[in-house]
>>> print(open('protein_26.pdb').read())   # PDB, C-alpha atoms, pLDDT in the B column
ATOM      1  CA  MET A1010      78.534 123.550  98.950  1.00 37.00           C
ATOM      2  CA  ARG A1011      79.276 125.816  95.988  1.00 42.00           C
ATOM      3  CA  LYS A1012      77.610 129.191  96.058  1.00 46.00           C
ATOM      4  CA  LYS A1013      75.390 130.114  93.152  1.00 50.00           C
ATOM      5  CA  GLN A1014      77.585 132.684  91.512  1.00 54.00           C
ATOM      6  CA  ALA A1015      79.232 133.139  88.150  1.00 63.00           C
ATOM      7  CA  GLY A1016      82.875 132.122  88.038  1.00 75.00           C
ATOM      8  CA  ASP A1017      85.477 132.231  90.770  1.00 85.00           C
ATOM      9  CA  THR A1018      84.863 133.853  94.125  1.00 90.00           C
ATOM     10  CA  LYS A1019      86.726 136.926  95.283  1.00 91.00           C
ATOM     11  CA  GLU A1020      88.780 134.714  97.615  1.00 91.00           C
ATOM     12  CA  MET A1021      89.804 132.462  94.723  1.00 92.00           C
ATOM     13  CA  VAL A1022      90.795 135.437  92.580  1.00 94.00           C
ATOM     14  CA  GLN A1023      92.849 136.972  95.379  1.00 95.00           C
ATOM     15  CA  ALA A1024      94.585 133.654  96.035  1.00 95.00           C
ATOM     16  CA  ARG A1025      95.448 133.339  92.343  1.00 95.00           C
ATOM     17  CA  ARG A1026      96.890 136.830  92.151  1.00 96.00           C
ATOM     18  CA  SER A1027      99.013 136.313  95.263  1.00 97.00           C
ATOM     19  CA  PHE A1028     100.300 132.987  93.969  1.00 97.00           C
ATOM     20  CA  LEU A1029     101.023 134.131  90.427  1.00 97.00           C
ATOM     21  CA  GLU A1030     102.722 137.343  91.529  1.00 95.00           C
ATOM     22  CA  ARG A1031     105.310 135.242  93.315  1.00 96.00           C
ATOM     23  CA  GLY A1032     106.429 133.986  89.914  1.00 97.00           C
ATOM     24  CA  PHE A1033     105.482 130.344  90.366  1.00 98.00           C
ATOM     25  CA  TYR A1034     103.903 130.111  86.905  1.00 98.00           C
ATOM     26  CA  GLN A1035     106.270 132.494  85.146  1.00 98.00           C
ATOM     27  CA  PRO A1036     107.827 129.674  83.057  1.00 98.00           C
ATOM     28  CA  LEU A1037     104.354 128.967  81.679  1.00 98.00           C
ATOM     29  CA  ALA A1038     103.785 132.658  80.927  1.00 98.00           C
ATOM     30  CA  ASP A1039     107.186 132.840  79.217  1.00 98.00           C
ATOM     31  CA  THR A1040     106.284 129.843  77.040  1.00 98.00           C
ATOM     32  CA  LEU A1041     103.024 131.477  76.020  1.00 97.00           C
ATOM     33  CA  ASN A1042     104.841 134.707  75.179  1.00 96.00           C
ATOM     34  CA  THR A1043     107.289 132.784  72.999  1.00 96.00           C
ATOM     35  CA  LEU A1044     104.493 131.025  71.122  1.00 96.00           C
ATOM     36  CA  VAL A1045     102.628 134.276  70.519  1.00 94.00           C
ATOM     37  CA  SER A1046     105.795 136.140  69.486  1.00 92.00           C
ATOM     38  CA  ALA A1047     106.608 133.461  66.920  1.00 91.00           C
ATOM     39  CA  TYR A1048     103.193 133.972  65.351  1.00 91.00           C
ATOM     40  CA  LEU A1049     103.380 137.766  65.432  1.00 87.00           C
ATOM     41  CA  ARG A1050     106.716 137.823  63.621  1.00 84.00           C
ATOM     42  CA  GLU A1051     104.842 136.612  60.558  1.00 83.00           C
ATOM     43  CA  HIS A1052     102.039 139.169  60.766  1.00 80.00           C
ATOM     44  CA  ALA A1053     101.951 142.933  60.529  1.00 71.00           C
ATOM     45  CA  SER A1054     100.160 145.232  62.971  1.00 72.00           C
ATOM     46  CA  PRO A1055      97.514 145.782  64.134  1.00 83.00           C
ATOM     47  CA  ILE A1056      97.165 142.572  66.130  1.00 90.00           C
ATOM     48  CA  ASN A1057      94.142 141.661  68.252  1.00 95.00           C
ATOM     49  CA  VAL A1058      94.711 139.254  71.145  1.00 96.00           C
ATOM     50  CA  LEU A1059      91.895 137.731  73.196  1.00 98.00           C
ATOM     51  CA  ASP A1060      92.357 135.926  76.506  1.00 98.00           C
ATOM     52  CA  ALA A1061      89.163 133.898  76.856  1.00 98.00           C
ATOM     53  CA  GLY A1062      88.895 133.161  80.560  1.00 97.00           C
ATOM     54  CA  CYS A1063      91.471 135.748  81.609  1.00 97.00           C
ATOM     55  CA  GLY A1064      90.884 135.615  85.360  1.00 95.00           C
ATOM     56  CA  GLU A1065      92.671 138.489  87.085  1.00 96.00           C
ATOM     57  CA  GLY A1066      94.739 139.223  83.971  1.00 97.00           C
ATOM     58  CA  TYR A1067      98.173 137.806  84.837  1.00 97.00           C
ATOM     59  CA  TYR A1068      98.947 136.151  81.495  1.00 97.00           C
ATOM     60  CA  LEU A1069      97.649 139.051  79.416  1.00 96.00           C
ATOM     61  CA  GLY A1070      99.705 141.443  81.522  1.00 95.00           C
ATOM     62  CA  ARG A1071     102.837 139.347  81.066  1.00 95.00           C
ATOM     63  CA  LEU A1072     102.195 139.193  77.332  1.00 95.00           C
ATOM     64  CA  GLN A1073     101.859 142.969  77.106  1.00 92.00           C
ATOM     65  CA  GLN A1074     105.203 143.398  78.870  1.00 91.00           C
ATOM     66  CA  SER A1075     106.811 140.915  76.497  1.00 90.00           C
ATOM     67  CA  LEU A1076     105.364 142.626  73.424  1.00 85.00           C
ATOM     68  CA  SER A1077     105.825 146.210  74.577  1.00 72.00           C
ATOM     69  CA  GLN A1078     107.695 146.994  71.367  1.00 66.00           C
ATOM     70  CA  GLN A1079     104.767 145.754  69.274  1.00 62.00           C
ATOM     71  CA  GLU A1080     102.807 148.697  67.895  1.00 60.00           C
ATOM     72  CA  GLN A1081      99.038 148.690  67.479  1.00 78.00           C
ATOM     73  CA  LEU A1082      98.474 145.762  69.792  1.00 85.00           C
ATOM     74  CA  CYS A1083      94.924 145.402  71.110  1.00 92.00           C
ATOM     75  CA  LEU A1084      94.526 143.169  74.184  1.00 95.00           C
ATOM     76  CA  LEU A1085      91.118 141.984  75.394  1.00 97.00           C
ATOM     77  CA  GLY A1086      90.253 139.729  78.317  1.00 98.00           C
ATOM     78  CA  LEU A1087      86.931 138.015  78.972  1.00 98.00           C
ATOM     79  CA  ASP A1088      85.839 136.297  82.171  1.00 97.00           C
ATOM     80  CA  VAL A1089      82.539 135.501  83.814  1.00 96.00           C
ATOM     81  CA  ALA A1090      83.786 136.453  87.298  1.00 94.00           C
ATOM     82  CA  LYS A1091      83.115 140.123  88.010  1.00 95.00           C
ATOM     83  CA  ASP A1092      85.689 140.286  90.814  1.00 95.00           C
ATOM     84  CA  ALA A1093      88.366 138.942  88.467  1.00 96.00           C
ATOM     85  CA  ILE A1094      87.528 141.499  85.776  1.00 97.00           C
ATOM     86  CA  ARG A1095      87.605 144.362  88.279  1.00 96.00           C
ATOM     87  CA  MET A1096      90.984 143.260  89.546  1.00 96.00           C
ATOM     88  CA  ALA A1097      92.368 142.837  86.020  1.00 97.00           C
ATOM     89  CA  ALA A1098      91.148 146.239  84.848  1.00 97.00           C
ATOM     90  CA  LYS A1099      92.785 148.014  87.791  1.00 96.00           C
ATOM     91  CA  ARG A1100      96.139 146.292  87.392  1.00 96.00           C
ATOM     92  CA  TYR A1101      96.436 146.228  83.586  1.00 95.00           C
ATOM     93  CA  PRO A1102      95.113 149.456  82.025  1.00 93.00           C
ATOM     94  CA  CYS A1103      96.906 148.538  78.803  1.00 89.00           C
ATOM     95  CA  ALA A1104      94.153 146.002  78.064  1.00 94.00           C
ATOM     96  CA  SER A1105      90.367 145.994  77.971  1.00 96.00           C
ATOM     97  CA  PHE A1106      88.402 143.588  80.149  1.00 97.00           C
ATOM     98  CA  VAL A1107      84.767 142.521  79.812  1.00 97.00           C
ATOM     99  CA  VAL A1108      82.518 140.315  81.928  1.00 97.00           C
ATOM    100  CA  ALA A1109      81.316 137.552  79.622  1.00 96.00           C
ATOM    101  CA  ASN A1110      80.271 133.909  79.752  1.00 96.00           C
ATOM    102  CA  LEU A1111      82.467 131.865  77.426  1.00 96.00           C
ATOM    103  CA  LYS A1112      79.719 129.298  76.999  1.00 95.00           C
ATOM    104  CA  GLU A1113      77.511 131.873  75.300  1.00 96.00           C
ATOM    105  CA  ARG A1114      77.956 133.911  72.121  1.00 97.00           C
ATOM    106  CA  LEU A1115      81.006 136.126  72.566  1.00 96.00           C
ATOM    107  CA  VAL A1116      80.642 139.899  72.346  1.00 92.00           C
ATOM    108  CA  ILE A1117      83.228 140.055  69.562  1.00 96.00           C
ATOM    109  CA  ALA A1118      82.912 140.602  65.824  1.00 96.00           C
ATOM    110  CA  ASP A1119      83.412 137.786  63.332  1.00 97.00           C
ATOM    111  CA  GLU A1120      86.997 137.091  62.238  1.00 96.00           C
ATOM    112  CA  SER A1121      88.481 139.925  64.293  1.00 96.00           C
ATOM    113  CA  ILE A1122      90.937 138.074  66.554  1.00 97.00           C
ATOM    114  CA  HIS A1123      94.453 137.080  65.495  1.00 95.00           C
ATOM    115  CA  VAL A1124      95.513 135.257  68.670  1.00 96.00           C
ATOM    116  CA  LEU A1125      93.214 133.628  71.221  1.00 98.00           C
ATOM    117  CA  LEU A1126      94.458 132.338  74.579  1.00 98.00           C
ATOM    118  CA  ASN A1127      92.422 129.838  76.594  1.00 98.00           C
ATOM    119  CA  ILE A1128      94.254 129.053  79.831  1.00 98.00           C
ATOM    120  CA  PHE A1129      92.606 126.623  82.277  1.00 95.00           C
ATOM    121  CA  ALA A1130      89.243 127.991  81.190  1.00 95.00           C
ATOM    122  CA  PRO A1131      86.008 126.752  79.604  1.00 95.00           C
ATOM    123  CA  ARG A1132      86.215 126.144  75.867  1.00 97.00           C
ATOM    124  CA  ASN A1133      83.760 127.073  73.124  1.00 97.00           C
ATOM    125  CA  PRO A1134      85.237 125.825  69.831  1.00 97.00           C
ATOM    126  CA  ALA A1135      82.481 127.129  67.557  1.00 97.00           C
ATOM    127  CA  GLU A1136      82.593 130.641  69.027  1.00 98.00           C
ATOM    128  CA  PHE A1137      86.378 130.688  69.110  1.00 98.00           C
ATOM    129  CA  ALA A1138      86.358 129.797  65.414  1.00 98.00           C
ATOM    130  CA  ARG A1139      83.770 132.480  64.637  1.00 98.00           C
ATOM    131  CA  VAL A1140      85.726 135.342  66.175  1.00 98.00           C
ATOM    132  CA  MET A1141      89.152 134.280  64.887  1.00 97.00           C
ATOM    133  CA  MET A1142      90.653 135.281  61.578  1.00 95.00           C
ATOM    134  CA  PRO A1143      91.458 132.549  59.060  1.00 93.00           C
ATOM    135  CA  ALA A1144      94.822 130.973  59.983  1.00 91.00           C
ATOM    136  CA  GLY A1145      94.631 132.674  63.391  1.00 94.00           C
ATOM    137  CA  ARG A1146      96.463 131.133  66.321  1.00 96.00           C
ATOM    138  CA  LEU A1147      94.655 129.512  69.247  1.00 98.00           C
ATOM    139  CA  ILE A1148      96.652 128.436  72.311  1.00 98.00           C
ATOM    140  CA  VAL A1149      94.893 126.212  74.823  1.00 98.00           C
ATOM    141  CA  VAL A1150      96.645 125.459  78.120  1.00 98.00           C
ATOM    142  CA  ILE A1151      95.672 122.387  80.131  1.00 97.00           C
ATOM    143  CA  PRO A1152      97.235 120.624  83.121  1.00 95.00           C
ATOM    144  CA  GLY A1153      99.532 117.717  82.332  1.00 95.00           C
ATOM    145  CA  ALA A1154      99.040 114.265  83.830  1.00 91.00           C
ATOM    146  CA  GLU A1155     101.631 114.898  86.559  1.00 93.00           C
ATOM    147  CA  HIS A1156     100.373 118.335  87.541  1.00 94.00           C
ATOM    148  CA  MET A1157     100.601 118.736  91.335  1.00 92.00           C
ATOM    149  CA  ALA A1158     101.287 115.000  91.658  1.00 90.00           C
ATOM    150  CA  GLN A1159     102.887 115.210  95.097  1.00 91.00           C
ATOM    151  CA  LEU A1160     100.155 117.493  96.379  1.00 90.00           C
ATOM    152  CA  ARG A1161      97.499 115.125  95.018  1.00 88.00           C
ATOM    153  CA  SER A1162      99.093 112.279  96.952  1.00 87.00           C
ATOM    154  CA  THR A1163      98.686 114.349 100.125  1.00 87.00           C
ATOM    155  CA  LEU A1164      95.244 115.880  99.615  1.00 86.00           C
ATOM    156  CA  PRO A1165      92.097 114.496  97.914  1.00 82.00           C
ATOM    157  CA  LEU A1166      92.187 116.884  94.967  1.00 82.00           C
ATOM    158  CA  LEU A1167      90.310 116.581  91.686  1.00 77.00           C
ATOM    159  CA  GLN A1168      91.883 114.158  89.257  1.00 83.00           C
ATOM    160  CA  ILE A1169      93.224 115.178  85.858  1.00 86.00           C
ATOM    161  CA  GLU A1170      90.921 113.957  83.102  1.00 86.00           C
ATOM    162  CA  GLU A1171      92.367 110.890  81.395  1.00 86.00           C
ATOM    163  CA  ASN A1172      93.384 111.505  77.772  1.00 91.00           C
ATOM    164  CA  LYS A1173      92.491 115.180  78.203  1.00 93.00           C
ATOM    165  CA  GLN A1174      94.788 116.348  75.401  1.00 95.00           C
ATOM    166  CA  GLN A1175      93.271 113.917  72.912  1.00 96.00           C
ATOM    167  CA  HIS A1176      89.757 114.938  73.877  1.00 96.00           C
ATOM    168  CA  ILE A1177      90.512 118.627  73.352  1.00 97.00           C
ATOM    169  CA  VAL A1178      92.150 118.042  69.984  1.00 97.00           C
ATOM    170  CA  GLU A1179      89.049 116.129  68.910  1.00 97.00           C
ATOM    171  CA  GLN A1180      86.805 118.869  70.305  1.00 97.00           C
ATOM    172  CA  PHE A1181      88.507 121.523  68.181  1.00 98.00           C
ATOM    173  CA  ALA A1182      89.079 119.351  65.088  1.00 97.00           C
ATOM    174  CA  PRO A1183      86.070 120.680  63.115  1.00 96.00           C
ATOM    175  CA  TYR A1184      87.542 124.196  63.218  1.00 97.00           C
ATOM    176  CA  PHE A1185      91.250 124.026  64.080  1.00 97.00           C
ATOM    177  CA  THR A1186      94.374 122.055  63.217  1.00 97.00           C
ATOM    178  CA  LEU A1187      96.851 121.189  65.971  1.00 97.00           C
ATOM    179  CA  LEU A1188     100.303 122.572  65.134  1.00 97.00           C
ATOM    180  CA  GLU A1189     102.249 121.548  68.226  1.00 97.00           C
ATOM    181  CA  ALA A1190     101.918 120.496  71.847  1.00 98.00           C
ATOM    182  CA  VAL A1191     104.500 122.167  74.066  1.00 98.00           C
ATOM    183  CA  PRO A1192     104.991 120.664  77.546  1.00 97.00           C
ATOM    184  CA  VAL A1193     106.093 122.798  80.485  1.00 98.00           C
ATOM    185  CA  SER A1194     107.106 120.972  83.653  1.00 97.00           C
ATOM    186  CA  TYR A1195     109.175 121.845  86.732  1.00 97.00           C
ATOM    187  CA  GLU A1196     109.158 121.567  90.506  1.00 97.00           C
ATOM    188  CA  LEU A1197     108.057 124.115  93.086  1.00 96.00           C
ATOM    189  CA  ASP A1198     109.029 124.439  96.726  1.00 96.00           C
ATOM    190  CA  LEU A1199     105.987 125.803  98.501  1.00 96.00           C
ATOM    191  CA  LYS A1200     105.336 127.036 102.004  1.00 95.00           C
ATOM    192  CA  ARG A1201     102.033 126.421 103.776  1.00 92.00           C
ATOM    193  CA  GLU A1202     100.439 129.685 102.656  1.00 94.00           C
ATOM    194  CA  GLU A1203     101.469 129.045  99.045  1.00 95.00           C
ATOM    195  CA  VAL A1204     100.059 125.516  99.118  1.00 93.00           C
ATOM    196  CA  GLN A1205      96.758 126.942 100.317  1.00 92.00           C
ATOM    197  CA  GLN A1206      96.778 129.567  97.568  1.00 94.00           C
ATOM    198  CA  LEU A1207      97.518 126.965  94.906  1.00 94.00           C
ATOM    199  CA  VAL A1208      94.574 124.841  96.007  1.00 91.00           C
ATOM    200  CA  MET A1209      92.229 127.774  96.527  1.00 90.00           C
ATOM    201  CA  MET A1210      92.833 129.259  93.067  1.00 91.00           C
ATOM    202  CA  THR A1211      91.592 126.095  91.316  1.00 87.00           C
ATOM    203  CA  PRO A1212      88.225 124.268  91.135  1.00 83.00           C
ATOM    204  CA  ASN A1213      89.495 122.134  94.005  1.00 81.00           C
ATOM    205  CA  TYR A1214      88.389 125.011  96.230  1.00 78.00           C
ATOM    206  CA  TRP A1215      84.754 123.994  95.747  1.00 77.00           C
ATOM    207  CA  HIS A1216      85.282 120.323  96.548  1.00 78.00           C
ATOM    208  CA  LEU A1217      87.498 120.190  99.623  1.00 79.00           C
ATOM    209  CA  SER A1218      85.894 118.664 102.696  1.00 80.00           C
ATOM    210  CA  ASP A1219      86.415 120.165 106.138  1.00 82.00           C
ATOM    211  CA  GLU A1220      88.746 117.267 106.879  1.00 83.00           C
ATOM    212  CA  ALA A1221      90.809 117.994 103.778  1.00 80.00           C
ATOM    213  CA  ARG A1222      90.998 121.671 104.678  1.00 81.00           C
ATOM    214  CA  ARG A1223      92.281 120.789 108.117  1.00 85.00           C
ATOM    215  CA  ALA A1224      94.867 118.469 106.573  1.00 84.00           C
ATOM    216  CA  MET A1225      95.981 121.239 104.212  1.00 86.00           C
ATOM    217  CA  SER A1226      96.465 123.616 107.123  1.00 85.00           C
ATOM    218  CA  THR A1227      98.985 121.214 108.694  1.00 88.00           C
ATOM    219  CA  ILE A1228     101.321 121.214 105.675  1.00 90.00           C
ATOM    220  CA  GLN A1229     104.377 123.273 106.573  1.00 91.00           C
ATOM    221  CA  SER A1230     106.148 122.954 103.227  1.00 92.00           C
ATOM    222  CA  LEU A1231     105.905 120.822 100.124  1.00 93.00           C
ATOM    223  CA  ARG A1232     107.814 120.191  96.929  1.00 95.00           C
ATOM    224  CA  THR A1233     105.520 119.351  94.059  1.00 94.00           C
ATOM    225  CA  GLN A1234     105.732 119.115  90.309  1.00 95.00           C
ATOM    226  CA  VAL A1235     103.639 121.350  88.114  1.00 96.00           C
ATOM    227  CA  ALA A1236     102.990 120.260  84.551  1.00 96.00           C
ATOM    228  CA  PHE A1237     101.211 122.014  81.708  1.00 97.00           C
ATOM    229  CA  ILE A1238     100.605 121.384  78.017  1.00 98.00           C
ATOM    230  CA  CYS A1239     100.312 124.313  75.610  1.00 98.00           C
ATOM    231  CA  LEU A1240      98.303 123.221  72.584  1.00 98.00           C
ATOM    232  CA  ALA A1241      98.888 125.534  69.633  1.00 98.00           C
ATOM    233  CA  PHE A1242      96.179 125.370  66.965  1.00 98.00           C
ATOM    234  CA  GLN A1243      95.670 127.154  63.664  1.00 97.00           C
ATOM    235  CA  LYS A1244      92.193 128.013  62.497  1.00 95.00           C
ATOM    236  CA  SER A1245      91.301 126.134  59.360  1.00 87.00           C
ATOM    237  CA  VAL A1246      90.695 128.393  56.379  1.00 74.00           C
ATOM    238  CA  GLU A1247      87.323 126.769  55.892  1.00 63.00           C
ATOM    239  CA  GLY A1248      86.657 126.770  59.705  1.00 46.00           C
TER
END
>>> encode(input="protein_26.pdb", output="structure tokens")
Amino acid sequence: MRKKQAGDTKEMVQARRSFLERGFYQPLADTLNTLVSAYLREHASPINVLDAGCGEGYYLGRLQQSLSQQEQLCLLGLDVAKDAIRMAAKRYPCASFVVANLKERLVIADESIHVLLNIFAPRNPAEFARVMMPAGRLIVVIPGAEHMAQLRSTLPLLQIEENKQQHIVEQFAPYFTLLEAVPVSYELDLKREEVQQLVMMTPNYWHLSDEARRAMSTIQSLRTQVAFICLAFQKSVEG
């Protein structure tokens, strides 16, 4: 049964850091960096970037490395999990991190954010629109239909929401216009420990039965596809 706590547990955060630091999601981070860089080329400094649901800070840290030549770059990460924010603040002193619930009013001034990242995290379209500048860039990352397909055929993991992309586009339509949907898909060869980390760092962690956990512990290695969709939106001028 899920503990009554805000956000991911310390174990989930640690699993995510260990998994991400092995470079398994680097192609996704590189795609995000490319999308943000394309936007920044058209805008002068200073630039304010918000990662709404930043977890332990991996994607914001990768972005800072990619944009190290960018002057006057302000990076901010929000997450409801205190353990994640502590871990992010220690590893990435170049950014600021704040404990915050994305479902509530954000502790950010109106129209102050140029780029907002929302990566596998709760979404709050009205608040995202409030804090973003007109014509600002919002990038929402969701799992694709084939994400972890082989692993899902082995373990009883949560299913990907049907027509998820369409639902999100409709959710943001009152405030944002979809510019492009960029797919990222490739295969990973994982060892047992890495399979466990991949499962533990997601909401599946809360739903696995004891039987499923035992089955996961017997997996010696696995090749599975990972699939993501990066939805790039622009804030409507009237949004």
>>> resolve_selection(input="protein_26.pdb", expression="the PyMOL selection byres ((chain A and resi 1244) around 6)", output="ChimeraX atom specification")
/A:1143-1145,1185,1243,1245
>>> write_last_selection(input="protein_26.pdb", atoms="C-alpha atoms", output="PDB file, in the coordinates of the input")
ATOM      1  CA  PRO A1143      91.458 132.549  59.060  1.00 93.00           C
ATOM      2  CA  ALA A1144      94.822 130.973  59.983  1.00 91.00           C
ATOM      3  CA  GLY A1145      94.631 132.674  63.391  1.00 94.00           C
ATOM      4  CA  PHE A1185      91.250 124.026  64.080  1.00 97.00           C
ATOM      5  CA  GLN A1243      95.670 127.154  63.664  1.00 97.00           C
ATOM      6  CA  SER A1245      91.301 126.134  59.360  1.00 87.00           C
TER       7      SER A1245
END
>>> resolve_selection(input="protein_26.pdb", expression="the PyMOL selection byres ((chain A and resi 1181) around 12)", output="MDAnalysis selection string")
chainID A and resid 1132:1138 1147:1149 1174:1180 1182:1187 1240:1245 1248
>>> closest_residue(input="protein_26.pdb", among="A:Arg1222, A:Arg1139, A:Lys1112, A:Arg1161", to="Met1209 (chain A)", atoms="all atoms listed in the file")
A:Arg1222
>>> closest_residue(input="protein_26.pdb", among="A:Leu1207, A:Ala1221, A:Leu1037, A:Leu1082", to="Val1022 (chain A)", atoms="only C-alpha atoms")
A:Leu1207
>>> resolve_selection(input="protein_26.pdb", expression="the PyMOL selection byres ((chain A and resi 1225) around 9)", output="ChimeraX atom specification")
/A:1163-1164,1201,1204-1205,1220-1224,1226-1229
>>> atom_distance(input="protein_26.pdb", atom1="CA of Asp1088 (chain A)", atom2="CA of Glu1155 (chain A)")
27.0 Å
>>> residues_around(input="protein_26.pdb", residues="Leu1029 (chain A)", least_positions_apart="4", cutoff="12 Å", atoms="only C-alpha atoms", output="PyMOL selection string")
chain A and resi 1022-1025+1033-1038+1064-1068+1070-1071+1203+1206-1207+1210
>>> residues_near_point(input="protein_26.pdb", point="(97.2, 144.5, 90.4)", cutoff="9 Å", atoms="all atoms listed in the file", output="VMD selection string")
chain A and resid 1026 1065 to 1067 1096 to 1101
>>> closest_residue(input="protein_26.pdb", among="A:Lys1173, A:Arg1232, A:Arg1146, A:Lys1200", to="Leu1041 (chain A)", atoms="only C-alpha atoms")
A:Arg1146
